[in-house]
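Working notes for the structure below.
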Protein chains: 2
Amino acid sequence: MNGAESLVRTLVAGGVDVCFANPGTSEMHFVAALDRVDGMRCVLGLHETVVTGAADGYARMAEKPASTLLHLGPGLANGLSNMHNAGRAGSPMVNIVGDHTTFHRNYDAPLTSDIEGAARPFSHWVRTSPDARMVAADGAAAIAAARTPPGRIATLILPADTAWNEADGIAPVPAIPARKMVDHAIVKGIARLLRRNEPTLLLLGGSAVRQTGLEWAGRIAAATGIKIMGQTSNPRMERGAGRVAVERVPFPVDLALDVLKGFQHVVLAGAKAPIGFFAYPGKPSILTPPDCTIHTLARVDEDIIHALEVLADELGARAQKFETARAERPARPTGPITLDSLARAIGALLPEGAIVIDEAITTGRGFFPFTRGAPPHDWLQNMGGSIGLGQPLATGAAVACPSRKVVALQADGSAMYSLQALWTQAREGLDVTTLLFDNRTYAILRHELTNVGASNPGRKALDMLDIGRPDLDWVSLARGMGVPGEKVTTIDEFLDGFARGLAAPGPYLVSVTL
Amino acid sequence: MNGAESLVRTLVAGGVDVCFANPGTSEMHFVAALDRVDGMRCVLGLHETVVTGAADGYARMAEKPASTLLHLGPGLANGLSNMHNAGRAGSPMVNIVGDHTTFHRNYDAPLTSDIEGAARPFSHWVRTSPDARMVAADGAAAIAAARTPPGRIATLILPADTAWNEADGIAPVPAIPARKMVDHAIVKGIARLLRRNEPTLLLLGGSAVRQTGLEWAGRIAAATGIKIMGQTSNPRMERGAGRVAVERVPFPVDLALDVLKGFQHVVLAGAKAPIGFFAYPGKPSILTPPDCTIHTLARVDEDIIHALEVLADELGARAQKFETARAERPARPTGPITLDSLARAIGALLPEGAIVIDEAITTGRGFFPFTRGAPPHDWLQNMGGSIGLGQPLATGAAVACPSRKVVALQADGSAMYSLQALWTQAREGLDVTTLLFDNRTYAILRHELTNVGASNPGRKALDMLDIGRPDLDWVSLARGMGVPGEKVTTIDEFLDGFARGLAAPGPYLVSVTL
């Protein structure tokens, strides 16, 4: 077998059985090998940002890496922003990037670039395979690198001749490091702290906002009276009726400062210390009060769940009763579309087992509370702040979980960065209902213009924040990529449209005029 | 004034008066400064690949750099592939990339990344401004770097506080290096070579394929009997009736080998030695015959025109008569759409002064000969091979030349990487007629699969090359972004549709079903 086939077989044997791809000439042998190897599902994206964003969504739901297939430096470059987001989410990913043959690189052909240099800022592990006989072992090493906790971005560069030359066969995946256990002395110290009855916040991130982690946190909170919250953004939060409900630290700095004021201690369980998304003139970067002490129970790459369990034991809280969200939905709203009525309508209809993709930005800030008592669902957010993740993330999550409904809460400005994902949803018949919030503006930047102290903007500045003129017609855009949809202008229409999307077995888009 | 305003004023004073932008929070002060400064035209793109690709198109036609405005590392990353193409085209470009404030970077906020590291593989010059008072001087240095021959990619990173803190004022642009003169001894050596009457090709690139360069080359060819050709791809070729017509070295390796066989000498005037775009098993990377000698008259950053002029003088050819293309158009074809009838139809209608953007890939290989005698026009190609440049390039060229018609010859697969450019064309009312060749496949990759020796592909491999299922509806996609259009299925409909596009004052898309 050739190098490409040895790699595909190694990936499949190593549990990497989905490949999101946008290949070119240098990847043709990899593509050809896909035919010869059973067990690898290939999903084409028409832009690389779809490819890497989908791999992120897949990894969050499948809890294992997908592979991607990218074409030389520029193809990789097109996928970097969603690799950034995935890296921040702790999503494992195995990127395969084709390159010129080793003997052709010297000629500086048009597509030649420094691929390793381009990969490094957004990868945790980068390697160029030197030889067809090394490709399988390098692929196996990439899987191990990607699966290193909490989940990492591994980028393997494959010169074309390493794909087409003769290779030996499958390589086994090296041992994958386990999550590190938290030192018992640290847990004991946190337990002592929590018994002091000082105003304390247990801030949850990573796996701590999945059901088991939340339940341990719920027992700890009930036993000690401390407050528990989630980070502003989380890769995957399990929530809804019967689960421990936590609020998140708000995104706007002033609201975050307000929520965090008064805490003398913040204990981090898989979370990072709260800091501002951006800095603003005259506002602090650190969102906790000046006299607040930050304590780390478990870092995101450590065994957070075990640390919470041990902490609960230390506090004698193993059998502690804890509060969970009651099953309750908002009443179906009527009348005009407002941010409030939208939030209620989503809460009223969100189906059991939904995977919610939240890139609704300013429109979606109020959606969270109204889905608290909806049937159990997952809530996925953008961890890296590079907008344009939503639709690719929905695509990958739907590939990972074909029996669940994906509901994408999608702002229009963000959606335009990666609208090509709709085509992949159509081709693969993915069960994604996109609620497209059409406010015709980068609304967040209007706030930000004020926040940074640039007030009284004129026409030229406002034009840079305004994505109307011409207005985007999202029903046309979706139809152009094979996704049916409709435009709604009242909340009754929205409820009907959302219901039609939920009833449809494949992708559907509801364009919500705000 | 603050740092942002000092930069905008420096750019305008330095002749950089167009900014293609996709800003975020960290760029808000730059955006606000645009209101306070006259003379900077701001053009919004809804994805950064539109921004950098438009800056490339603008630079090729305006012969000076535009600025871009990009949001931190991921925003830059989204623009890298078209920065790659621009760098390969020798297009000057001044990228302004916002970053977190210097004091906020330490907190590793979600959008934090190694921006310099990301910029470097695709920039010739990278600098992070340390201080508001340095921003103007750094911007002036960026202009000088961008204008260094043949035209370079300069990337200036602007931490947000360098934009909002107090600065001094405008900085003058440092001296820009002139194109180096070619040593007279080299020209004399080439002249001696050309007098030897051995089979010789004068291969033209860079400014040598503009009108003046072509005329000197035409005189030299007429005086010596050598052959002249253009490179496979050229940033901007001036051609049509009354101009010296040159063929280009074909893209497919076998055709290129055939065209170049028999030459004992290739003399490069702004061109690179012919090498394969990719390497293929069993085929050479170097496309000239093994016994052919490569001679360099002038590199692309040297004064190519002057070198050609001196060479003509050495050969006594200053007053030499030379051949130019006769004004002649193909007859209007009728019947079905074929690659041949399309080529004839384009040749029949191409208007005087058209700026032709050629990203037609496999569909467009035969278009060149049939436009040889069309009224004078410019022909712009993708120099870096990263597809998805066409529509952004058309956008920027139209901004640079509002009184000329831009005709974008656009393959569908490539178009999907940067379709957002259509929205910018609609917003700015740009005079671009897009001829969208809808063959529902990455057709080039079907050839490439065979070329690399991966024959008999199965369904799974072919699916990765097929962009139908579902078919893209380009009229819907264009309409969704405010661009009118139509779908044509016969060559008569194509001629009518193309004519309607040419008659329209703004953007228009003709979707050509192949």
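Following the order of the structure tokens, first chain is A, next is B, and so on, with residues numbered from 1 inside each chain and ligands from 1 in the order they appear.
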
Can you write out as JSON lines which residues of stretch 452-487 of chain A fall within 12 Å of stretch 18-41 of chain B, alongside each residue's closest atom pair and its distance in Å to one decimal, counting only C-alpha atoms and ordering rows by chain and ascending residue number?
```
{"residue": "A:Val452", "atom": "CA", "partner": "B:Met28", "partner_atom": "CA", "distance": 7.3}
{"residue": "A:Gly453", "atom": "CA", "partner": "B:His29", "partner_atom": "CA", "distance": 8.2}
{"residue": "A:Ala454", "atom": "CA", "partner": "B:Ala32", "partner_atom": "CA", "distance": 6.1}
{"residue": "A:Ser455", "atom": "CA", "partner": "B:Ala32", "partner_atom": "CA", "distance": 8.0}
{"residue": "A:Asn456", "atom": "CA", "partner": "B:Ala32", "partner_atom": "CA", "distance": 8.7}
{"residue": "A:Pro457", "atom": "CA", "partner": "B:Ala32", "partner_atom": "CA", "distance": 6.1}
{"residue": "A:Gly458", "atom": "CA", "partner": "B:Asp35", "partner_atom": "CA", "distance": 5.7}
{"residue": "A:Arg459", "atom": "CA", "partner": "B:Asp35", "partner_atom": "CA", "distance": 7.4}
{"residue": "A:Lys460", "atom": "CA", "partner": "B:Asp35", "partner_atom": "CA", "distance": 5.7}
{"residue": "A:Ala461", "atom": "CA", "partner": "B:Val31", "partner_atom": "CA", "distance": 5.3}
{"residue": "A:Leu462", "atom": "CA", "partner": "B:Val31", "partner_atom": "CA", "distance": 8.5}
{"residue": "A:Asp463", "atom": "CA", "partner": "B:Val31", "partner_atom": "CA", "distance": 9.6}
{"residue": "A:Met464", "atom": "CA", "partner": "B:Pro23", "partner_atom": "CA", "distance": 7.4}
{"residue": "A:Leu465", "atom": "CA", "partner": "B:Pro23", "partner_atom": "CA", "distance": 8.2}
{"residue": "A:Asp466", "atom": "CA", "partner": "B:Asn22", "partner_atom": "CA", "distance": 11.1}
{"residue": "A:Ile467", "atom": "CA", "partner": "B:Asn22", "partner_atom": "CA", "distance": 10.8}
```

How about saving the chosen residues, C-alpha atoms kept, as a PDB file, in the first residue's frame?
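What follows is the written file part.pdb:
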```pdb
ATOM      1  CA  VAL A 452     -13.975  51.952  23.619  1.00  0.00           C
ATOM      2  CA  GLY A 453     -14.912  55.609  23.920  1.00  0.00           C
ATOM      3  CA  ALA A 454     -15.438  56.345  20.230  1.00  0.00           C
ATOM      4  CA  SER A 455     -18.740  58.141  20.511  1.00  0.00           C
ATOM      5  CA  ASN A 456     -20.857  60.047  17.974  1.00  0.00           C
ATOM      6  CA  PRO A 457     -19.800  57.972  14.985  1.00  0.00           C
ATOM      7  CA  GLY A 458     -20.601  59.403  11.572  1.00  0.00           C
ATOM      8  CA  ARG A 459     -21.936  57.776   8.437  1.00  0.00           C
ATOM      9  CA  LYS A 460     -18.589  56.377   7.270  1.00  0.00           C
ATOM     10  CA  ALA A 461     -17.968  54.617  10.579  1.00  0.00           C
ATOM     11  CA  LEU A 462     -21.526  53.342  10.884  1.00  0.00           C
ATOM     12  CA  ASP A 463     -21.349  51.916   7.354  1.00  0.00           C
ATOM     13  CA  MET A 464     -18.614  49.576   8.568  1.00  0.00           C
ATOM     14  CA  LEU A 465     -21.005  48.149  11.199  1.00  0.00           C
ATOM     15  CA  ASP A 466     -24.056  47.951   8.970  1.00  0.00           C
ATOM     16  CA  ILE A 467     -24.526  44.858   6.829  1.00  0.00           C
TER      17      ILE A 467
END
```

>> Applying 7 Å and only C-alpha atoms, which residues near B:Thr49 remain after dropping the ones on its own chain fewer than 5 positions away? List them as a list in words.
In response: Asn78, Gly79, Asn82 and Ser418 of chain B

>> Please list as an MDAnalysis selection string every residue within 6 Å of stretch 275-281 of chain B, counting only C-alpha atoms and excluding residues in the same chain fewer than 2 positions away.
In response: (chainID A and resid 109) or (chainID B and resid 283 285:287 452)

> When you draw a straight line from atom CA of B:Trp474 to atom CA of B:Tyr508, how long is it in Å?
Replying inline: 11.4 Å

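Minimum atom-to-atom distance to B:Thr363, evaluated using only C-alpha atoms, belongs to B:Arg440 out of B:Arg127, B:His47, B:Arg195, B:Arg440.
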
> Could you write out, as an MDAnalysis selection string, all the residues of stretch 176-318 of chain A that DSSP marks as helix (DSSP H, G or I)?
Replying inline: chainID A and resid 184:194 206:209 211:224 253:260 304:314

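Of the residues under consideration (A:Ala398, A:Leu7, A:Leu339, A:Ala348), A:Leu339 shows the shortest atom-to-atom contact distance to A:Gly366 when counting only C-alpha atoms.
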
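Each of B:Asn2, B:Thr128, B:Ser341, B:Thr371 was compared to chain A using only C-alpha atoms, and B:Asn2 turns out to be the nearest.
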
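Non-sequential neighbours of A:Glu493 (distance at most 12 Å, separation of 2 or more positions within a chain, only C-alpha atoms) are Arg332, Pro333, Thr334, Gly335, Pro336, Ile337, Leu342, Ala345, Glu486, Lys487, Val488, Thr489, Thr490, Ile491, Leu495, Asp496, Gly497, Phe498, Ala499, Arg500, Val510, Ser511, Val512 and Thr513 of chain A.
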
>> Need to verify the contact set: stretch 10-12 of chain B, 10 Å, only C-alpha atoms, exclusion of same-chain residues closer than 2 positions in sequence. Can you return it as a PyMOL selection string?
In response: chain B and resi 4-8+14-19+37-41+66-67+94+135-140+142-143+169-173

Next, write the just-selected residues to a file, as a compact mmCIF listing (two decimals), in the first residue's frame, keeping N, CA and C atoms as the atom set.
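This went into selection.txt:
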```txt
# COMPACT_ATOMS: atom_id res chain seq x y z
N ALA B 4 -4.91 56.08 16.20
CA ALA B 4 -5.67 55.66 15.03
C ALA B 4 -5.78 56.79 14.01
N GLU B 5 -6.08 57.98 14.52
CA GLU B 5 -6.23 59.11 13.60
C GLU B 5 -4.88 59.47 12.96
N SER B 6 -3.81 59.37 13.74
CA SER B 6 -2.48 59.67 13.16
C SER B 6 -2.15 58.67 12.05
N LEU B 7 -2.64 57.43 12.20
CA LEU B 7 -2.39 56.42 11.18
C LEU B 7 -3.22 56.68 9.93
N VAL B 8 -4.51 56.96 10.13
CA VAL B 8 -5.37 57.20 8.96
C VAL B 8 -4.85 58.41 8.19
N GLY B 14 0.10 59.51 2.51
CA GLY B 14 1.02 58.64 1.78
C GLY B 14 0.41 58.02 0.54
N GLY B 15 -0.79 58.48 0.16
CA GLY B 15 -1.39 58.01 -1.08
C GLY B 15 -2.22 56.74 -0.94
N VAL B 16 -2.39 56.29 0.28
CA VAL B 16 -3.21 55.08 0.51
C VAL B 16 -4.59 55.55 0.94
N ASP B 17 -5.50 55.62 -0.02
CA ASP B 17 -6.77 56.29 0.25
C ASP B 17 -7.99 55.37 0.07
N VAL B 18 -7.75 54.07 0.03
CA VAL B 18 -8.84 53.09 0.05
C VAL B 18 -8.54 52.09 1.15
N CYS B 19 -9.57 51.76 1.92
CA CYS B 19 -9.43 50.76 2.97
C CYS B 19 -10.51 49.71 2.81
N VAL B 37 -11.37 61.97 9.22
CA VAL B 37 -10.34 62.22 8.21
C VAL B 37 -10.99 62.16 6.83
N ASP B 38 -10.81 63.19 6.05
CA ASP B 38 -11.32 63.16 4.67
C ASP B 38 -10.36 62.37 3.80
N GLY B 39 -10.92 61.79 2.76
CA GLY B 39 -10.05 61.25 1.72
C GLY B 39 -9.80 59.77 1.78
N MET B 40 -10.32 59.07 2.79
CA MET B 40 -10.16 57.61 2.82
C MET B 40 -11.51 56.98 2.47
N ARG B 41 -11.52 56.20 1.38
CA ARG B 41 -12.73 55.46 1.02
C ARG B 41 -12.72 54.11 1.73
N ALA B 66 -3.75 49.51 -1.47
CA ALA B 66 -4.86 49.83 -0.58
C ALA B 66 -4.45 49.38 0.82
N SER B 67 -5.18 49.86 1.81
CA SER B 67 -5.03 49.30 3.15
C SER B 67 -6.16 48.31 3.39
N VAL B 94 -1.11 47.15 2.34
CA VAL B 94 -0.83 47.57 3.72
C VAL B 94 -1.95 47.01 4.61
N VAL B 135 2.72 54.83 15.98
CA VAL B 135 1.82 54.24 14.99
C VAL B 135 1.94 54.92 13.63
N ALA B 136 2.03 56.24 13.62
CA ALA B 136 2.11 56.95 12.35
C ALA B 136 3.40 56.57 11.61
N ALA B 137 4.52 56.56 12.33
CA ALA B 137 5.80 56.20 11.69
C ALA B 137 5.78 54.76 11.22
N ASP B 138 5.17 53.89 12.00
CA ASP B 138 5.09 52.49 11.59
C ASP B 138 4.19 52.34 10.35
N GLY B 139 3.11 53.11 10.31
CA GLY B 139 2.25 53.08 9.13
C GLY B 139 2.99 53.59 7.90
N ALA B 140 3.77 54.65 8.08
CA ALA B 140 4.55 55.17 6.95
C ALA B 140 5.59 54.15 6.49
N ALA B 142 5.23 50.97 6.74
CA ALA B 142 4.47 49.91 6.07
C ALA B 142 4.19 50.28 4.62
N ILE B 143 3.87 51.55 4.39
CA ILE B 143 3.64 52.00 3.00
C ILE B 143 4.91 51.81 2.18
N GLY B 169 1.00 62.99 15.27
CA GLY B 169 0.51 63.50 13.99
C GLY B 169 0.99 62.63 12.85
N ILE B 170 0.93 63.21 11.68
CA ILE B 170 1.28 62.47 10.47
C ILE B 170 2.78 62.19 10.41
N ALA B 171 3.17 61.02 9.93
CA ALA B 171 4.58 60.73 9.68
C ALA B 171 4.81 60.66 8.17
N PRO B 172 5.95 61.16 7.70
CA PRO B 172 6.24 61.09 6.27
C PRO B 172 6.66 59.68 5.86
N VAL B 173 6.33 59.30 4.63
CA VAL B 173 6.72 57.98 4.13
C VAL B 173 8.21 58.00 3.79
```

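Backbone DSSP assigns strand (DSSP E) in stretch 224-326 of chain B to Lys227, Ile228, Met229, Gly230, Met237, Glu238, Arg239, His265, Val266, Val267, Leu268, Ala269, Thr293, Ile294, His295, Thr296, Leu297 and Ala298 of chain B.
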
>> Show me, as a PyMOL selection string, the residues that have an atom within 7 Å of B:Arg329 when counting only C-alpha atoms, minus same-chain residues fewer than 4 positions from it.
In response: chain B and resi 347-348+373-374

Store the residues picked out above in a file with C-alpha atoms, as a compact mmCIF listing (two decimals), in the first residue's frame.
```
# COMPACT_ATOMS: atom_id res chain seq x y z
CA GLY B 347 -14.56 37.29 -27.85
CA ALA B 348 -17.59 38.62 -29.74
CA GLY B 373 -8.35 40.78 -31.44
CA ALA B 374 -11.03 42.19 -29.13
```

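Of the residues listed (A:Phe263, A:Phe370, A:Trp125, A:Tyr417), A:Tyr417 shows the shortest atom-to-atom separation from chain B; distances use only C-alpha atoms.
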
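Across the model, the gap from atom CA of B:Arg236 to atom CA of B:Thr200 is 24.2 Å.
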
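Interatomic distance, atom CA of B:Arg248 to atom CA of B:Ser233: 7.6 Å.
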
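When only C-alpha atoms are used to measure the gap to chain A, the shortest distance among B:Pro507, B:Pro74, B:Pro392, B:Gly230 belongs to B:Pro74.
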
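Considering the residues B:Asp303, B:Glu314, B:Asp56, B:Asp340 and counting only C-alpha atoms, B:Ile153 has its shortest atom-to-atom contact with B:Asp56.
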